[in-house]
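**Q** Next up, target39.txt (compact mmCIF, C-alpha atoms).
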# COMPACT_ATOMS: atom_id res chain seq x y z
CA MET A 930 0.00 0.00 0.00
CA LEU A 931 1.14 3.50 -0.75
CA THR A 932 0.76 5.48 2.43
CA ILE A 933 1.36 9.20 2.79
CA ASN A 934 5.09 9.90 2.89
CA ASP A 935 5.65 6.12 3.20
CA ALA A 936 5.00 6.50 6.93
CA ASN A 937 2.61 3.49 7.04
CA ARG A 938 0.11 5.52 9.03
CA TYR A 939 -2.28 7.34 6.65
CA LEU A 940 -3.75 6.46 3.27
CA LEU A 941 -5.88 8.60 0.97
CA LEU A 942 -9.02 6.69 0.06
CA GLU A 943 -11.00 8.00 -2.89
CA LEU A 944 -14.38 6.37 -3.32
CA PRO A 945 -15.98 5.78 -6.74
CA ASP A 946 -18.05 8.81 -7.78
CA THR A 947 -21.43 7.12 -8.10
CA SER A 948 -21.31 4.13 -5.78
CA LEU A 949 -20.28 3.13 -2.32
CA PRO A 950 -18.81 -0.37 -2.52
CA PRO A 951 -20.40 -2.74 0.00
CA ALA A 952 -16.97 -3.62 1.40
CA THR A 953 -15.99 0.00 2.18
CA GLU A 954 -16.49 -0.34 5.93
CA GLU A 955 -14.69 -3.69 5.97
CA ILE A 956 -11.75 -2.23 4.05
CA CYS A 957 -11.53 0.72 6.43
CA PHE A 958 -11.68 -1.61 9.43
CA HIS A 959 -8.96 -3.81 7.92
CA LEU A 960 -6.71 -0.81 7.29
CA GLN A 961 -7.24 0.39 10.85
CA SER A 962 -6.34 -3.06 12.18
CA LYS A 963 -3.00 -2.67 10.35
CA GLY A 964 -2.44 0.73 11.99
CA ILE A 965 -3.33 2.68 8.85
CA THR A 966 -5.90 5.46 9.05
CA PRO A 967 -7.90 5.96 5.86
CA ILE A 968 -8.50 9.57 4.84
CA ILE A 969 -11.72 9.77 2.83
CA THR A 970 -11.23 12.34 0.08
CA HIS A 971 -13.89 14.84 -0.97
CA PRO A 972 -16.99 12.96 0.25
CA GLU A 973 -18.98 16.19 -0.16
CA ARG A 974 -18.87 15.53 -3.91
CA HIS A 975 -19.93 11.87 -3.62
CA MET A 976 -23.52 11.34 -4.78
CA ILE A 977 -24.47 8.67 -2.26
CA ILE A 978 -22.87 10.41 0.72
CA GLN A 979 -24.65 13.64 -0.27
CA GLU A 980 -27.95 11.77 -0.05
CA MET A 981 -27.05 9.68 3.01
CA PRO A 982 -24.56 11.59 5.20
CA TYR A 983 -24.91 8.95 7.91
CA LYS A 984 -22.75 6.70 5.73
CA LEU A 985 -19.89 9.18 6.10
CA LYS A 986 -20.52 9.39 9.85
CA ARG A 987 -20.23 5.61 10.02
CA LEU A 988 -16.79 5.74 8.36
CA ILE A 989 -15.72 8.47 10.78
CA ASP A 990 -16.92 6.31 13.67
CA LEU A 991 -14.70 3.53 12.31
CA GLY A 992 -11.72 5.87 12.69
CA CYS A 993 -11.46 7.38 9.22
CA LEU A 994 -10.50 10.99 8.71
CA VAL A 995 -12.20 13.20 6.14
CA GLN A 996 -10.51 15.58 3.71
CA MET A 997 -12.72 18.16 2.03
CA THR A 998 -11.82 20.04 -1.12
CA GLY A 999 -11.48 23.76 -0.47
CA ASN A 1000 -13.31 24.69 -3.67
CA SER A 1001 -16.33 22.78 -2.41
CA LEU A 1002 -16.80 25.42 0.30
CA THR A 1003 -16.52 28.30 -2.14
CA GLY A 1004 -19.13 27.07 -4.60
CA TRP A 1005 -16.73 25.99 -7.37
CA PHE A 1006 -18.62 22.68 -7.71
CA GLY A 1007 -22.08 24.23 -7.43
CA ARG A 1008 -24.58 25.27 -4.78
CA GLY A 1009 -25.49 21.75 -3.70
CA VAL A 1010 -21.88 20.79 -2.97
CA LYS A 1011 -21.34 24.10 -1.17
CA LYS A 1012 -24.40 23.50 1.01
CA ILE A 1013 -23.46 19.93 1.99
CA SER A 1014 -19.86 21.04 2.57
CA ARG A 1015 -20.99 23.65 5.06
CA GLN A 1016 -23.20 21.06 6.78
CA PHE A 1017 -20.32 18.57 7.06
CA VAL A 1018 -18.06 21.26 8.54
CA LYS A 1019 -20.70 22.34 11.06
CA LEU A 1020 -21.32 18.68 12.04
CA GLY A 1021 -17.60 18.17 12.65
CA TYR A 1022 -17.27 15.60 9.87
CA VAL A 1023 -14.26 17.32 8.27
CA HIS A 1024 -10.70 16.99 9.56
CA LEU A 1025 -8.64 18.43 6.70
CA LEU A 1026 -9.07 20.97 3.95
CA ALA A 1027 -7.05 20.53 0.74
CA THR A 1028 -6.95 21.76 -2.84
CA ASP A 1029 -7.47 18.51 -4.77
CA THR A 1030 -5.33 20.07 -7.49
CA HIS A 1031 -4.97 17.81 -10.47
CA ASP A 1032 -4.03 20.54 -12.90
CA PRO A 1033 -2.71 23.97 -11.86
CA LYS A 1034 -4.57 25.71 -14.70
CA ARG A 1035 -8.05 24.23 -14.36
CA ARG A 1036 -7.98 23.74 -10.56
CA PRO A 1037 -5.19 25.91 -9.11
CA PRO A 1038 -3.75 25.06 -5.69
CA VAL A 1039 -5.30 28.01 -3.87
CA LEU A 1040 -6.97 27.67 -0.48
CA SER A 1041 -7.26 31.28 0.69
CA GLN A 1042 -10.97 31.77 -0.13
CA ALA A 1043 -11.86 28.38 1.34
CA VAL A 1044 -9.87 29.06 4.53
CA THR A 1045 -11.72 32.37 4.92
CA GLU A 1046 -15.05 30.56 4.62
CA LEU A 1047 -13.91 27.77 6.93
CA SER A 1048 -12.76 30.33 9.52
CA ARG A 1049 -16.16 31.98 9.35
CA LEU A 1050 -17.86 28.65 10.02
CA ILE A 1051 -15.64 27.20 12.78
CA GLY A 1052 -13.19 29.90 13.82
CA GLU A 1053 -9.72 30.79 12.62
CA LYS A 1054 -7.84 28.55 15.04
CA ARG A 1055 -9.67 25.37 14.00
CA ALA A 1056 -9.50 26.33 10.32
CA GLN A 1057 -5.73 26.83 10.50
CA ALA A 1058 -5.37 23.46 12.22
CA MET A 1059 -7.23 21.82 9.32
CA VAL A 1060 -4.90 23.30 6.69
CA ASN A 1061 -1.61 23.42 8.60
CA ASP A 1062 -1.28 21.50 11.87
CA ILE A 1063 -3.16 18.31 11.04
CA PRO A 1064 -1.63 17.93 7.54
CA GLN A 1065 1.86 18.42 9.01
CA LYS A 1066 1.22 15.63 11.50
CA ILE A 1067 -0.07 13.36 8.75
CA ILE A 1068 2.98 13.98 6.58
CA ALA A 1069 5.22 13.27 9.58
CA GLY A 1070 3.29 10.07 10.31
CA GLU A 1071 2.26 11.35 13.74
CA PRO A 1072 -1.11 11.00 15.47
CA CYS A 1073 -3.45 13.86 14.57
CA PHE A 1074 -5.64 13.85 17.65
When written as structure tokens, how does the structure in this file appear?
**A**
Amino acid sequence: MLTINDANRYLLLELPDTSLPPATEEICFHLQSKGITPIITHPERHMIIQEMPYKLKRLIDLGCLVQMTGNSLTGWFGRGVKKISRQFVKLGYVHLLATDTHDPKRRPPVLSQAVTELSRLIGEKRAQAMVNDIPQKIIAGEPCF
């Protein structure tokens, strides 16, 4: 398995866009049993999780972390994604905020607007932890919480 920074502690887990495989919880449990924490990427853009947020809560309860895309908070992906993103933040379902940059021209690696919105929702200290402190710990292979 390719873990973040080869630290054998964290793994980015991107779910298929339109389905939630039946074995998702089992896979997350198995990873946890090996000492690897799955980080669920951009669930706010996942069709099934949008409709059934309790499925994301279940993964969090299993020990997964959640990484939201900054542009989701700013409306880049539409009003619906912005709305569910705000709900997830307010519910405490989000642990990290990232750019999800695949291409610097179409999706530039800029978080400033999203951090402003995040700070407005949960306070500057918590927002900064989600974009600085927690990611630094993950890269170092240290416990986040």
**Q** Which residues, written as a CSV table (one decimal) with C-alpha atoms, in the frame of the given file, have at least one atom at most 8 Å from Asp946 in chain A, with all atoms listed in the file counted and residues fewer than 6 positions away on the same chain left out?
**A**
chain,number,residue,atom,x,y,z
A,974,ARG,CA,-18.9,15.5,-3.9
A,975,HIS,CA,-19.9,11.9,-3.6
A,976,MET,CA,-23.5,11.3,-4.8
**Q** Could you work out how far CA of Tyr1022 in chain A lies from CA of Leu1047 in chain A, giving the answer in Å with one decimal?
**A**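 Distance reported for this atom pair: 13.0 Å.
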**Q** Between A:Asp990, A:Glu980, A:Glu1053, A:Asp1062, single out the one closest to Leu1025 in chain A, counting all atoms listed in the file.
**A**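 Checking each candidate against Leu1025 in chain A, we get A:Asp1062 as the closest.
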**Q** Between CA of Ser1048 in chain A and CA of Arg938 in chain A, what is the spacing in Å?
**A**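 Taking CA of Arg938 in chain A as the start and CA of Ser1048 in chain A as the end point, the length is 28.0 Å.
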**Q** Compile the contact shell of Thr953 in chain A as a ChimeraX atom specification: residues with an atom at most 12 Å away, counting all atoms listed in the file, same-chain residues fewer than 2 positions apart removed.
**A** /A:942-945,948-951,955-960,967,969,984-985,987-988,991,993
**Q** Restricting the calculation to only C-alpha atoms, which member of A:Ala1058, A:Ser1014, A:Ala936, A:Ala1043 is positioned closest to Phe1074 in chain A?
**A** A:Ala1058
**Q** Determine the nearest neighbour of Leu940 in chain A from the options A:Gly1004, A:Gly1009, A:Gly964, A:Pro1038, counting only C-alpha atoms.
**A**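 Once distances to Leu940 in chain A are computed over only C-alpha atoms, the minimum belongs to A:Gly964.
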